[in-house]
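Source file data08.cif; content: mmCIF, C-alpha atoms.
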data_structure
loop_
_atom_site.label_atom_id
_atom_site.label_comp_id
_atom_site.auth_asym_id
_atom_site.auth_seq_id
_atom_site.Cartn_x
_atom_site.Cartn_y
_atom_site.Cartn_z
CA MET B 4 -42.80 -36.53 -49.65
CA SER B 5 -39.23 -36.28 -50.94
CA ASP B 6 -36.73 -39.07 -50.32
CA TYR B 7 -35.01 -36.90 -47.71
CA VAL B 8 -38.17 -36.34 -45.68
CA GLN B 9 -39.21 -40.00 -45.99
CA LYS B 10 -35.80 -41.17 -44.78
CA ALA B 11 -35.80 -38.69 -41.90
CA LEU B 12 -39.29 -39.84 -40.86
CA ALA B 13 -38.27 -43.51 -41.16
CA ILE B 14 -35.35 -42.86 -38.82
CA VAL B 15 -37.71 -41.29 -36.26
CA LYS B 16 -40.04 -44.31 -36.40
CA ALA B 17 -37.15 -46.77 -36.14
CA LYS B 18 -35.53 -44.99 -33.21
CA ASN B 19 -38.79 -44.36 -31.36
CA PRO B 20 -40.90 -47.45 -32.13
CA HIS B 21 -43.14 -47.26 -29.07
CA GLU B 22 -43.86 -43.53 -29.16
CA PRO B 23 -46.96 -43.03 -31.35
CA GLU B 24 -47.75 -39.48 -30.19
CA PHE B 25 -44.20 -38.33 -30.92
CA GLN B 26 -44.24 -40.01 -34.33
CA GLN B 27 -47.57 -38.34 -35.13
CA ALA B 28 -46.32 -34.86 -34.19
CA VAL B 29 -43.15 -35.27 -36.25
CA GLN B 30 -45.02 -36.60 -39.28
CA GLU B 31 -47.53 -33.72 -39.16
CA VAL B 32 -44.68 -31.19 -39.31
CA PHE B 33 -42.40 -32.99 -41.76
CA GLU B 34 -45.15 -33.45 -44.34
CA THR B 35 -45.53 -29.67 -44.66
CA LEU B 36 -41.87 -28.62 -44.82
CA GLU B 37 -41.20 -29.71 -48.41
CA PRO B 38 -41.41 -26.20 -49.95
CA ALA B 39 -38.95 -24.79 -47.40
CA LEU B 40 -36.52 -27.68 -47.85
CA GLU B 41 -36.59 -27.24 -51.64
CA ARG B 42 -35.64 -23.56 -51.34
CA HIS B 43 -33.00 -24.18 -48.67
CA PRO B 44 -30.80 -27.18 -49.54
CA GLU B 45 -28.44 -26.11 -46.75
CA TYR B 46 -30.93 -27.54 -44.24
CA ARG B 47 -30.50 -30.99 -45.74
CA THR B 48 -26.72 -30.68 -45.79
CA ALA B 49 -26.72 -29.70 -42.12
CA LYS B 50 -29.25 -32.49 -41.33
CA ILE B 51 -31.55 -30.04 -39.58
CA LEU B 52 -34.52 -32.43 -39.58
CA GLU B 53 -32.51 -35.22 -38.00
CA ARG B 54 -31.21 -32.82 -35.35
CA LEU B 55 -34.62 -31.29 -34.64
CA VAL B 56 -36.16 -34.60 -33.62
CA GLU B 57 -33.38 -35.51 -31.19
CA PRO B 58 -33.83 -33.75 -27.85
CA GLU B 59 -30.75 -31.89 -26.68
CA ARG B 60 -31.24 -33.55 -23.32
CA ILE B 61 -33.70 -35.90 -21.60
CA VAL B 62 -33.70 -36.17 -17.82
CA ILE B 63 -35.62 -39.09 -16.28
CA PHE B 64 -35.63 -39.50 -12.53
CA ARG B 65 -37.43 -41.22 -9.67
CA VAL B 66 -39.67 -39.20 -7.36
CA PRO B 67 -40.13 -40.86 -3.96
CA TRP B 68 -42.65 -39.30 -1.58
CA MET B 69 -44.62 -40.29 1.50
CA ASP B 70 -48.42 -40.39 1.55
CA ASP B 71 -50.58 -39.46 4.54
CA GLN B 72 -50.61 -43.08 5.73
CA GLY B 73 -46.83 -43.07 6.02
CA GLU B 74 -46.35 -45.31 2.99
CA ILE B 75 -43.62 -44.49 0.49
CA GLN B 76 -44.81 -43.97 -3.09
CA ILE B 77 -42.63 -43.85 -6.20
CA ASN B 78 -43.36 -41.91 -9.38
CA ARG B 79 -41.28 -41.14 -12.44
CA GLY B 80 -40.26 -37.60 -13.35
CA TYR B 81 -39.19 -36.24 -16.73
CA ARG B 82 -37.79 -33.11 -18.34
CA ILE B 83 -37.36 -33.00 -22.11
CA GLN B 84 -35.02 -30.17 -23.15
CA MET B 85 -35.78 -30.29 -26.85
CA ASN B 86 -34.21 -27.26 -28.50
CA SER B 87 -32.52 -24.10 -27.23
CA ALA B 88 -31.56 -22.51 -30.56
CA ILE B 89 -33.55 -19.31 -29.97
CA GLY B 90 -33.67 -19.14 -26.17
CA PRO B 91 -33.84 -21.05 -22.89
CA TYR B 92 -36.04 -24.14 -22.87
CA LYS B 93 -39.66 -23.19 -22.15
CA GLY B 94 -42.63 -25.47 -21.66
CA GLY B 95 -45.00 -26.83 -19.06
CA LEU B 96 -44.96 -29.59 -16.49
CA ARG B 97 -47.79 -32.12 -16.69
CA PHE B 98 -48.81 -34.26 -13.69
CA HIS B 99 -51.18 -36.97 -14.90
CA PRO B 100 -51.26 -40.80 -14.91
CA SER B 101 -51.19 -40.79 -18.73
CA VAL B 102 -47.78 -39.11 -18.87
CA THR B 103 -45.24 -41.09 -20.88
CA LEU B 104 -42.00 -40.30 -22.62
CA SER B 105 -43.83 -40.31 -25.97
CA ILE B 106 -46.40 -37.73 -24.87
CA LEU B 107 -43.79 -35.43 -23.39
CA LYS B 108 -41.56 -35.68 -26.46
CA PHE B 109 -44.49 -34.82 -28.74
CA LEU B 110 -45.36 -31.85 -26.52
CA ALA B 111 -41.73 -30.67 -26.41
CA PHE B 112 -41.43 -30.98 -30.20
CA GLU B 113 -44.62 -28.96 -30.72
CA GLN B 114 -43.40 -26.42 -28.17
CA VAL B 115 -40.30 -25.64 -30.24
CA PHE B 116 -42.41 -24.39 -33.16
CA LYS B 117 -45.04 -22.75 -30.97
CA ASN B 118 -42.44 -20.75 -29.05
CA SER B 119 -40.75 -19.76 -32.28
CA LEU B 120 -44.02 -18.34 -33.61
CA THR B 121 -44.47 -16.08 -30.57
CA THR B 122 -41.38 -14.07 -31.72
CA LEU B 123 -40.15 -14.23 -28.11
CA PRO B 124 -36.66 -15.66 -27.39
CA LEU B 125 -37.86 -19.04 -26.10
CA GLY B 126 -36.63 -22.54 -26.85
CA GLY B 127 -38.81 -25.62 -26.44
CA GLY B 128 -39.13 -28.14 -23.63
CA LYS B 129 -41.67 -30.14 -21.62
CA GLY B 130 -41.75 -32.22 -18.50
CA GLY B 131 -43.88 -33.84 -15.86
CA SER B 132 -44.69 -37.03 -14.04
CA ASP B 133 -47.19 -39.89 -13.94
CA PHE B 134 -48.26 -38.57 -10.51
CA ASP B 135 -51.99 -37.78 -10.25
CA PRO B 136 -52.79 -34.81 -7.96
CA LYS B 137 -56.50 -35.67 -8.05
CA GLY B 138 -57.63 -37.29 -4.83
CA LYS B 139 -54.44 -36.35 -3.01
CA SER B 140 -54.35 -34.18 0.11
CA GLU B 141 -52.64 -30.78 0.15
CA ASN B 142 -49.76 -32.26 2.14
CA GLU B 143 -49.34 -35.16 -0.29
CA VAL B 144 -49.23 -32.80 -3.26
CA MET B 145 -46.71 -30.61 -1.42
CA ARG B 146 -44.45 -33.54 -0.52
CA PHE B 147 -44.54 -34.83 -4.08
CA CYS B 148 -43.71 -31.40 -5.56
CA GLN B 149 -40.84 -30.93 -3.13
CA SER B 150 -39.38 -34.32 -4.03
CA PHE B 151 -39.85 -33.64 -7.75
CA MET B 152 -38.03 -30.30 -7.51
CA THR B 153 -35.24 -31.76 -5.40
CA GLU B 154 -34.01 -33.43 -8.58
CA LEU B 155 -35.32 -31.03 -11.22
CA TYR B 156 -33.64 -27.93 -9.75
CA ARG B 157 -30.24 -29.15 -10.98
CA HIS B 158 -31.38 -28.86 -14.58
CA ILE B 159 -33.33 -25.57 -14.73
CA GLY B 160 -32.74 -21.86 -14.23
CA ALA B 161 -34.07 -18.47 -15.34
CA ASP B 162 -31.62 -18.46 -18.30
CA ILE B 163 -31.48 -22.23 -18.83
CA ASP B 164 -34.92 -23.82 -18.64
CA VAL B 165 -38.12 -22.19 -17.35
CA PRO B 166 -40.96 -24.68 -16.72
CA ALA B 167 -44.60 -23.67 -16.35
CA GLY B 168 -47.86 -25.43 -15.51
CA ASP B 169 -49.89 -27.79 -17.67
CA ILE B 170 -52.52 -30.44 -16.97
CA GLY B 171 -52.45 -31.21 -13.22
CA VAL B 172 -50.08 -28.34 -12.45
CA GLY B 173 -51.73 -25.08 -11.43
CA THR B 174 -50.76 -22.20 -9.17
CA ARG B 175 -50.79 -24.48 -6.10
CA GLU B 176 -48.29 -26.93 -7.57
CA ILE B 177 -46.14 -24.14 -9.03
CA GLY B 178 -46.05 -22.59 -5.55
CA TYR B 179 -44.78 -25.76 -3.89
CA LEU B 180 -42.23 -26.29 -6.68
CA PHE B 181 -41.02 -22.70 -6.48
CA GLY B 182 -40.73 -22.82 -2.70
CA GLN B 183 -38.51 -25.90 -2.89
CA TYR B 184 -36.39 -24.38 -5.68
CA LYS B 185 -35.88 -21.26 -3.56
CA ARG B 186 -34.94 -23.37 -0.54
CA LEU B 187 -32.36 -25.37 -2.49
CA THR B 188 -30.78 -22.53 -4.47
CA LYS B 189 -31.27 -19.57 -2.11
CA GLU B 190 -32.44 -17.60 -5.17
CA PHE B 191 -35.65 -15.73 -5.90
CA THR B 192 -35.61 -15.76 -9.70
CA GLY B 193 -38.17 -16.23 -12.46
CA VAL B 194 -37.39 -19.92 -12.85
CA LEU B 195 -41.06 -20.93 -13.13
CA THR B 196 -44.03 -19.19 -14.73
CA GLY B 197 -47.65 -19.41 -13.69
CA LYS B 198 -46.69 -18.15 -10.24
CA GLY B 199 -49.08 -16.56 -7.76
CA LEU B 200 -49.71 -12.84 -8.20
CA ASN B 201 -48.22 -12.08 -4.79
CA TRP B 202 -44.83 -13.55 -5.70
CA GLY B 203 -44.01 -12.77 -9.31
CA GLY B 204 -46.98 -14.07 -11.30
CA SER B 205 -48.59 -12.22 -14.18
CA LEU B 206 -52.16 -11.09 -14.53
CA VAL B 207 -54.05 -12.89 -17.34
CA ARG B 208 -51.67 -15.89 -17.30
CA PRO B 209 -54.29 -18.47 -16.15
CA GLU B 210 -56.70 -17.39 -18.92
CA ALA B 211 -54.05 -16.65 -21.54
CA THR B 212 -54.17 -19.81 -23.67
CA GLY B 213 -57.95 -19.61 -24.02
CA PHE B 214 -57.86 -15.86 -24.65
CA GLY B 215 -55.28 -16.40 -27.38
CA VAL B 216 -57.36 -19.11 -29.06
CA VAL B 217 -60.34 -16.76 -29.37
CA TYR B 218 -58.17 -13.86 -30.56
CA PHE B 219 -56.78 -16.17 -33.25
CA ALA B 220 -60.28 -17.29 -34.26
CA GLU B 221 -61.33 -13.65 -34.47
CA GLU B 222 -58.47 -12.90 -36.89
CA MET B 223 -59.24 -15.96 -39.02
CA LEU B 224 -62.90 -14.99 -39.39
CA LYS B 225 -61.89 -11.45 -40.35
CA THR B 226 -60.17 -12.84 -43.44
CA LYS B 227 -63.65 -13.84 -44.63
CA ASN B 228 -65.15 -10.50 -43.51
CA ILE B 229 -67.01 -12.31 -40.72
CA SER B 230 -67.35 -11.13 -37.13
CA ILE B 231 -67.09 -13.54 -34.21
CA GLU B 232 -69.95 -11.65 -32.56
CA GLY B 233 -73.13 -13.71 -32.53
CA LYS B 234 -71.40 -16.94 -33.56
CA LYS B 235 -72.35 -20.23 -31.91
CA VAL B 236 -69.27 -21.96 -30.47
CA ALA B 237 -68.54 -25.54 -29.33
CA VAL B 238 -65.83 -25.86 -26.68
CA SER B 239 -64.43 -29.11 -25.30
CA GLY B 240 -62.98 -29.46 -21.82
CA PHE B 241 -63.68 -27.26 -18.80
CA GLY B 242 -60.15 -26.58 -17.51
CA ASN B 243 -57.97 -23.50 -17.76
CA VAL B 244 -57.92 -23.33 -21.56
CA ALA B 245 -61.67 -23.86 -21.94
CA TRP B 246 -62.37 -21.38 -19.12
CA GLY B 247 -60.26 -18.70 -20.82
CA ALA B 248 -61.81 -19.41 -24.21
CA VAL B 249 -65.37 -19.23 -22.87
CA THR B 250 -64.60 -15.99 -21.02
CA LYS B 251 -63.09 -14.23 -24.03
CA ALA B 252 -65.72 -15.58 -26.45
CA ASN B 253 -68.39 -14.01 -24.25
CA GLN B 254 -66.52 -10.71 -24.11
CA LEU B 255 -66.41 -10.63 -27.92
CA GLY B 256 -70.13 -11.42 -28.26
CA ALA B 257 -70.05 -15.11 -29.18
CA LYS B 258 -72.22 -17.81 -27.54
CA VAL B 259 -70.56 -20.97 -26.19
CA VAL B 260 -73.05 -23.86 -26.11
CA THR B 261 -70.95 -26.90 -25.08
CA LEU B 262 -68.43 -28.03 -22.50
CA SER B 263 -67.10 -31.56 -22.09
CA GLY B 264 -65.22 -33.94 -19.83
CA PRO B 265 -64.11 -37.57 -19.95
CA ASP B 266 -67.67 -38.49 -18.96
CA GLY B 267 -69.45 -36.75 -21.86
CA TYR B 268 -70.63 -33.26 -22.84
CA ILE B 269 -73.33 -30.75 -21.97
CA PHE B 270 -75.40 -28.67 -24.39
CA ASP B 271 -76.50 -25.28 -23.09
CA PRO B 272 -78.56 -23.47 -25.78
CA ASP B 273 -78.69 -20.29 -23.69
CA GLY B 274 -74.90 -20.11 -23.61
CA VAL B 275 -72.21 -20.61 -20.98
CA SER B 276 -71.99 -17.15 -19.45
CA GLY B 277 -72.08 -15.25 -16.15
CA GLU B 278 -72.24 -17.50 -13.10
CA LYS B 279 -71.91 -20.53 -15.36
CA ILE B 280 -68.34 -19.49 -16.21
CA ASP B 281 -67.63 -19.12 -12.49
CA PHE B 282 -69.01 -22.62 -11.96
CA MET B 283 -66.38 -23.95 -14.39
CA LEU B 284 -63.76 -22.89 -11.84
CA ALA B 285 -65.65 -24.69 -9.09
CA MET B 286 -65.83 -27.85 -11.22
CA ARG B 287 -62.12 -27.71 -11.88
CA ALA B 288 -61.33 -27.20 -8.19
CA SER B 289 -63.57 -30.13 -7.14
CA ALA B 290 -61.02 -32.70 -8.42
CA ARG B 291 -63.92 -34.55 -10.09
CA ASP B 292 -63.08 -34.85 -13.77
CA GLU B 293 -66.75 -34.71 -14.79
CA VAL B 294 -68.93 -32.21 -16.65
CA LYS B 295 -72.25 -33.71 -15.48
CA PRO B 296 -72.43 -31.44 -12.38
CA TYR B 297 -72.92 -28.49 -14.77
CA ALA B 298 -75.96 -30.19 -16.32
CA ASP B 299 -77.35 -31.00 -12.89
CA LYS B 300 -76.96 -27.45 -11.60
CA PHE B 301 -78.21 -25.54 -14.64
CA LYS B 302 -80.76 -28.11 -15.89
CA VAL B 303 -79.34 -28.52 -19.38
CA GLN B 304 -78.89 -31.59 -21.57
CA TYR B 305 -76.09 -34.01 -20.77
CA PHE B 306 -74.78 -36.58 -23.24
CA PRO B 307 -72.74 -39.27 -21.45
CA ASN B 308 -69.75 -40.83 -23.23
CA LYS B 309 -70.16 -38.55 -26.25
CA LYS B 310 -68.17 -35.67 -27.72
CA PRO B 311 -69.52 -32.18 -28.50
CA TRP B 312 -68.59 -32.21 -32.18
CA GLU B 313 -72.04 -33.46 -33.22
CA VAL B 314 -73.65 -30.13 -32.26
CA LYS B 315 -74.36 -27.65 -35.06
CA VAL B 316 -72.07 -24.66 -34.47
CA ASP B 317 -70.22 -21.99 -36.42
CA VAL B 318 -66.89 -22.32 -34.58
CA ALA B 319 -65.27 -25.30 -32.80
CA LEU B 320 -62.58 -24.89 -30.17
CA PRO B 321 -61.11 -28.25 -29.05
CA CYS B 322 -59.54 -27.36 -25.69
CA ALA B 323 -59.28 -30.70 -23.85
CA THR B 324 -56.47 -33.07 -24.85
CA GLN B 325 -54.57 -34.71 -27.71
CA ASN B 326 -56.44 -36.69 -30.38
CA GLU B 327 -59.90 -35.87 -29.03
CA LEU B 328 -61.26 -35.02 -32.50
CA ASP B 329 -60.98 -37.76 -35.12
CA GLU B 330 -61.95 -38.14 -38.78
CA LYS B 331 -65.57 -38.98 -37.98
CA ASP B 332 -65.89 -35.93 -35.72
CA ALA B 333 -64.31 -33.71 -38.36
CA ARG B 334 -66.74 -34.89 -41.01
CA GLU B 335 -69.66 -34.26 -38.64
CA LEU B 336 -68.52 -30.70 -37.96
CA VAL B 337 -68.11 -29.93 -41.65
CA LYS B 338 -71.46 -31.54 -42.53
CA ASN B 339 -73.19 -29.43 -39.89
CA GLY B 340 -71.82 -26.19 -41.32
CA CYS B 341 -68.94 -25.42 -38.94
CA SER B 342 -66.70 -22.99 -40.81
CA CYS B 343 -63.85 -22.47 -38.34
CA VAL B 344 -61.90 -24.91 -36.13
CA VAL B 345 -59.25 -23.46 -33.85
CA GLU B 346 -57.21 -25.75 -31.62
CA GLY B 347 -56.86 -24.84 -27.95
CA ALA B 348 -55.27 -28.11 -26.81
CA ASN B 349 -52.01 -29.58 -28.10
CA MET B 350 -52.63 -31.77 -31.17
CA PRO B 351 -56.33 -32.38 -30.37
CA THR B 352 -57.08 -33.40 -33.97
CA THR B 353 -55.86 -36.66 -35.48
CA LEU B 354 -53.96 -36.57 -38.78
CA GLU B 355 -57.07 -37.96 -40.53
CA GLY B 356 -59.23 -35.24 -38.97
CA VAL B 357 -56.82 -32.52 -40.08
CA LYS B 358 -57.00 -33.85 -43.64
CA VAL B 359 -60.80 -33.54 -43.58
CA PHE B 360 -60.59 -29.90 -42.52
CA LEU B 361 -57.95 -29.03 -45.10
CA ASP B 362 -59.77 -30.84 -47.92
CA SER B 363 -63.03 -29.06 -47.05
CA LYS B 364 -61.28 -25.65 -47.20
CA ILE B 365 -62.79 -24.47 -43.92
CA LEU B 366 -60.71 -22.25 -41.63
CA TYR B 367 -58.51 -24.53 -39.52
CA ALA B 368 -55.71 -23.52 -37.14
CA PRO B 369 -53.21 -25.97 -35.56
CA GLY B 370 -52.52 -25.61 -31.86
CA LYS B 371 -48.89 -24.64 -32.30
CA ALA B 372 -50.19 -21.33 -33.69
CA SER B 373 -53.57 -20.80 -32.07
CA ASN B 374 -52.80 -21.93 -28.51
CA ALA B 375 -49.49 -20.07 -28.26
CA GLY B 376 -51.08 -17.42 -26.04
CA GLY B 377 -50.24 -19.34 -22.88
CA VAL B 378 -46.51 -19.58 -23.48
CA ALA B 379 -46.50 -16.05 -24.90
CA THR B 380 -47.89 -14.74 -21.62
CA SER B 381 -45.39 -16.88 -19.74
CA GLY B 382 -42.74 -15.05 -21.75
CA LEU B 383 -44.32 -11.77 -20.66
CA GLU B 384 -44.19 -13.01 -17.06
CA MET B 385 -40.47 -13.71 -17.48
CA THR B 386 -40.01 -10.18 -18.78
CA GLN B 387 -41.84 -8.71 -15.81
CA ASN B 388 -39.72 -10.84 -13.44
CA SER B 389 -36.52 -9.59 -15.06
CA MET B 390 -37.72 -5.99 -14.78
CA ARG B 391 -39.05 -6.51 -11.23
CA LEU B 392 -42.10 -4.65 -12.47
CA PRO B 393 -45.68 -6.03 -12.80
CA TRP B 394 -47.92 -4.84 -15.63
CA PRO B 395 -51.65 -4.09 -15.25
CA ARG B 396 -54.18 -6.55 -16.68
CA GLU B 397 -55.04 -4.30 -19.62
CA GLU B 398 -51.41 -4.09 -20.73
CA VAL B 399 -50.82 -7.85 -20.54
CA ASP B 400 -54.08 -8.55 -22.42
CA ALA B 401 -53.22 -5.97 -25.08
CA ARG B 402 -49.74 -7.45 -25.56
CA LEU B 403 -51.24 -10.94 -25.79
CA ARG B 404 -53.74 -9.83 -28.41
CA GLY B 405 -50.94 -8.19 -30.40
CA ILE B 406 -48.84 -11.36 -30.26
CA MET B 407 -51.74 -13.52 -31.48
CA GLN B 408 -52.47 -11.07 -34.30
CA ASN B 409 -48.80 -11.20 -35.28
CA ILE B 410 -48.75 -15.03 -35.23
CA HIS B 411 -51.86 -15.05 -37.41
CA ARG B 412 -50.30 -12.62 -39.87
CA THR B 413 -47.05 -14.63 -39.98
CA CYS B 414 -48.92 -17.88 -40.69
CA ARG B 415 -50.97 -16.27 -43.47
CA GLU B 416 -47.99 -14.60 -45.12
CA THR B 417 -45.75 -17.68 -44.88
CA ALA B 418 -48.43 -19.96 -46.34
CA GLU B 419 -48.87 -17.52 -49.22
CA ARG B 420 -45.12 -17.25 -49.80
CA TYR B 421 -44.69 -21.02 -49.94
CA GLY B 422 -47.57 -21.72 -52.31
CA ALA B 423 -50.33 -22.74 -49.88
CA PRO B 424 -52.54 -19.67 -49.41
CA GLY B 425 -55.00 -20.01 -46.54
CA ASN B 426 -53.34 -23.15 -45.17
CA TYR B 427 -52.51 -22.34 -41.54
CA VAL B 428 -50.84 -25.74 -41.00
CA VAL B 429 -48.25 -25.06 -43.69
CA GLY B 430 -47.86 -21.45 -42.60
CA ALA B 431 -47.37 -22.26 -38.91
CA ASN B 432 -45.02 -25.19 -39.45
CA ILE B 433 -42.78 -23.47 -41.98
CA ALA B 434 -42.68 -20.14 -40.14
CA GLY B 435 -41.80 -21.82 -36.86
CA PHE B 436 -39.28 -24.10 -38.54
CA LEU B 437 -37.39 -21.39 -40.45
CA LYS B 438 -36.52 -19.35 -37.38
CA VAL B 439 -35.25 -22.37 -35.46
CA ALA B 440 -33.43 -23.91 -38.44
CA ASN B 441 -31.61 -20.69 -39.27
CA ALA B 442 -30.57 -20.22 -35.65
CA MET B 443 -29.22 -23.77 -35.58
CA LEU B 444 -27.21 -23.14 -38.76
CA GLU B 445 -25.79 -19.91 -37.42
CA GLN B 446 -24.71 -21.54 -34.15
CA GLY B 447 -22.83 -24.41 -35.77
CA LEU B 448 -22.93 -28.11 -35.05
CA VAL B 449 -24.63 -28.10 -31.64
#

Can the structure from this file be put into structure tokens for me?
Amino acid sequence: MSDYVQKALAIVKAKNPHEPEFQQAVQEVFETLEPALERHPEYRTAKILERLVEPERIVIFRVPWMDDQGEIQINRGYRIQMNSAIGPYKGGLRFHPSVTLSILKFLAFEQVFKNSLTTLPLGGGKGGSDFDPKGKSENEVMRFCQSFMTELYRHIGADIDVPAGDIGVGTREIGYLFGQYKRLTKEFTGVLTGKGLNWGGSLVRPEATGFGVVYFAEEMLKTKNISIEGKKVAVSGFGNVAWGAVTKANQLGAKVVTLSGPDGYIFDPDGVSGEKIDFMLAMRASARDEVKPYADKFKVQYFPNKKPWEVKVDVALPCATQNELDEKDARELVKNGCSCVVEGANMPTTLEGVKVFLDSKILYAPGKASNAGGVATSGLEMTQNSMRLPWPREEVDARLRGIMQNIHRTCRETAERYGAPGNYVVGANIAGFLKVANAMLEQGLV
């Protein structure tokens, strides 16, 4: 790394000493930007790197709510408005006990580049709370969401900041949040995405991230003249992203043989298809964060406290959570002949794992490129809201596929142009960075 990049990274670590996820995300991007910084000394003069890592705004607030026993509970709410150089802040809300400032800052930072790659006019943001909707009653979830929005509504708007769902925030939570926003503002606007189909939501949005991951994998394999049809696929997780990925993989003729949860993973040699995909939705709705019920119902192997990356597959799609695939897992995948790893979650591979994939020269796509289908379809939902006109499923899916093909092409061409042919990490990071950096330059010192 150049002295400039090293100093910029040292500043990040000094200013954010207790934020390992944020440091990791910044380091992963900074290490790949050298070629762009060499060609564009104006970025250094304008201190673009130093400005990129400082959120434009962080809102932290208390969220008091009453449980069904009449006891007052207190959670912490966040909204990270990271960068609005190319459009209003856009990014999900995550409700999970693991939520910290570090995790949300890493997600917001990644979102800036991901949104840039979609070619849609979207800035980057992220938010959420350490509230856990699992085990809560409908009324408790509603009261929490209403309290959360009572503060958040001051900071968002259809042309300011448009949150969406994420882990722990589905259509139910978006509905309660939207209802409270409407009550407080007296406006029916597209201020949230992931809405119900009856009140401004978009078809394909729940499946979009997983669909996009598989479309991206399909394009990557095409560069080697390989079809995704007939390929054996390992998927982690069983939530929205995994569900979408399994659905689209089946439609394109691939066979998904694993799913996973915090409790372990299942191996289904016949493939996760048909009613088994429907059962994924039932598992998700049960509020039990376990994959074992799948093994019990369909009489397949279950491996407690293990990860699916030991299974011999052609394609791996990590769709669960950050840092779920480490160096050891990466080496196991490569040793077993996996030729394509496409991230469905945000930063699911550790820096050491990424290095293994890059050194082995297999096809590897970072999440900021390959899982951009979700936010891309959120952007399409915003467009439909502005037009007051819903699109049919086929049109949304076709637009999504076109966006993922365009992201893939941009990553390939940018990597080639900056001396790293076939390196999707370099291609995605530099392509996303250039658009944002140039917009920041053109808008002055903001």

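The neighbours of Thr174 (chain B) here are the residues that come within 12 Å of it, using only C-alpha atoms and leaving out any residue fewer than 4 positions away in the same chain; they are B:Leu96, B:Ala167, B:Gly168, B:Asp169, B:Ile170, B:Gly178, B:Tyr179, B:Leu180, B:Phe181, B:Gly182, B:Leu195, B:Thr196, B:Gly197, B:Lys198, B:Gly199, B:Leu200, B:Asn201, B:Trp202, B:Gly203, B:Gly204, B:Ser205, B:Arg208, B:Pro209, B:Asn243, B:Ala288.
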
Counting only C-alpha atoms, the residue of B:Cys341, B:Ala285, B:Leu104, B:Ala333 that sits nearest Thr353 (chain B): B:Ala333

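Remark: for Tyr156 (chain B), the closest of the candidate residues B:Lys338, B:Arg42, B:Lys185, B:His99 is B:Lys185 (distances computed over all atoms listed in the file).
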
Residues near region 122-128 of chain B, cut-off 7 Å, all atoms listed in the file, skip fewer than 3 positions along chain, as a list of chain:residue names: B:Ile83, B:Gln84, B:Met85, B:Asn86, B:Ser87, B:Ala88, B:Ile89, B:Gly90, B:Pro91, B:Tyr92, B:Lys93, B:Gly94, B:Ala111, B:Gln114, B:Val115, B:Asn118, B:Ser119, B:Gly382

How about saving the chosen residues, C-alpha atoms kept, as a CSV table (one decimal), in the coordinates of the input?
chain,number,residue,atom,x,y,z
B,83,ILE,CA,-37.4,-33.0,-22.1
B,84,GLN,CA,-35.0,-30.2,-23.2
B,85,MET,CA,-35.8,-30.3,-26.8
B,86,ASN,CA,-34.2,-27.3,-28.5
B,87,SER,CA,-32.5,-24.1,-27.2
B,88,ALA,CA,-31.6,-22.5,-30.6
B,89,ILE,CA,-33.6,-19.3,-30.0
B,90,GLY,CA,-33.7,-19.1,-26.2
B,91,PRO,CA,-33.8,-21.0,-22.9
B,92,TYR,CA,-36.0,-24.1,-22.9
B,93,LYS,CA,-39.7,-23.2,-22.2
B,94,GLY,CA,-42.6,-25.5,-21.7
B,111,ALA,CA,-41.7,-30.7,-26.4
B,114,GLN,CA,-43.4,-26.4,-28.2
B,115,VAL,CA,-40.3,-25.6,-30.2
B,118,ASN,CA,-42.4,-20.8,-29.0
B,119,SER,CA,-40.8,-19.8,-32.3
B,382,GLY,CA,-42.7,-15.0,-21.8

Enclose all atoms of region 379-389 of chain B listed in the file in an axis-aligned box, grow every side by 5 Å, and hand back centre and edge lengths in Å to one decimal, as AutoDock Vina command-line options.
--center_x -42.2 --center_y -12.8 --center_z -19.2 --size_x 21.4 --size_y 18.2 --size_z 21.5

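Among the candidate residues B:Ser105, B:Val439, B:Val449, B:Gly95, the one lying nearest to Lys18 (chain B) is B:Ser105, with distances computed using all atoms listed in the file.
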
The PyMOL selection byres ((chain B and resi 35) around 8) resolved against shown file, as a ChimeraX atom specification: /B:31-34,36-38,428-429,432-433

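Using only C-alpha atoms, the protein and nucleic acid residues lying no more than 12 Å from Asp71 (chain B), apart from those fewer than 6 places from it along its own chain, are Gly138, Lys139, Ser140, Glu141, Asn142, Glu143, Val144, Met145, Arg146 and Phe147 of chain B.
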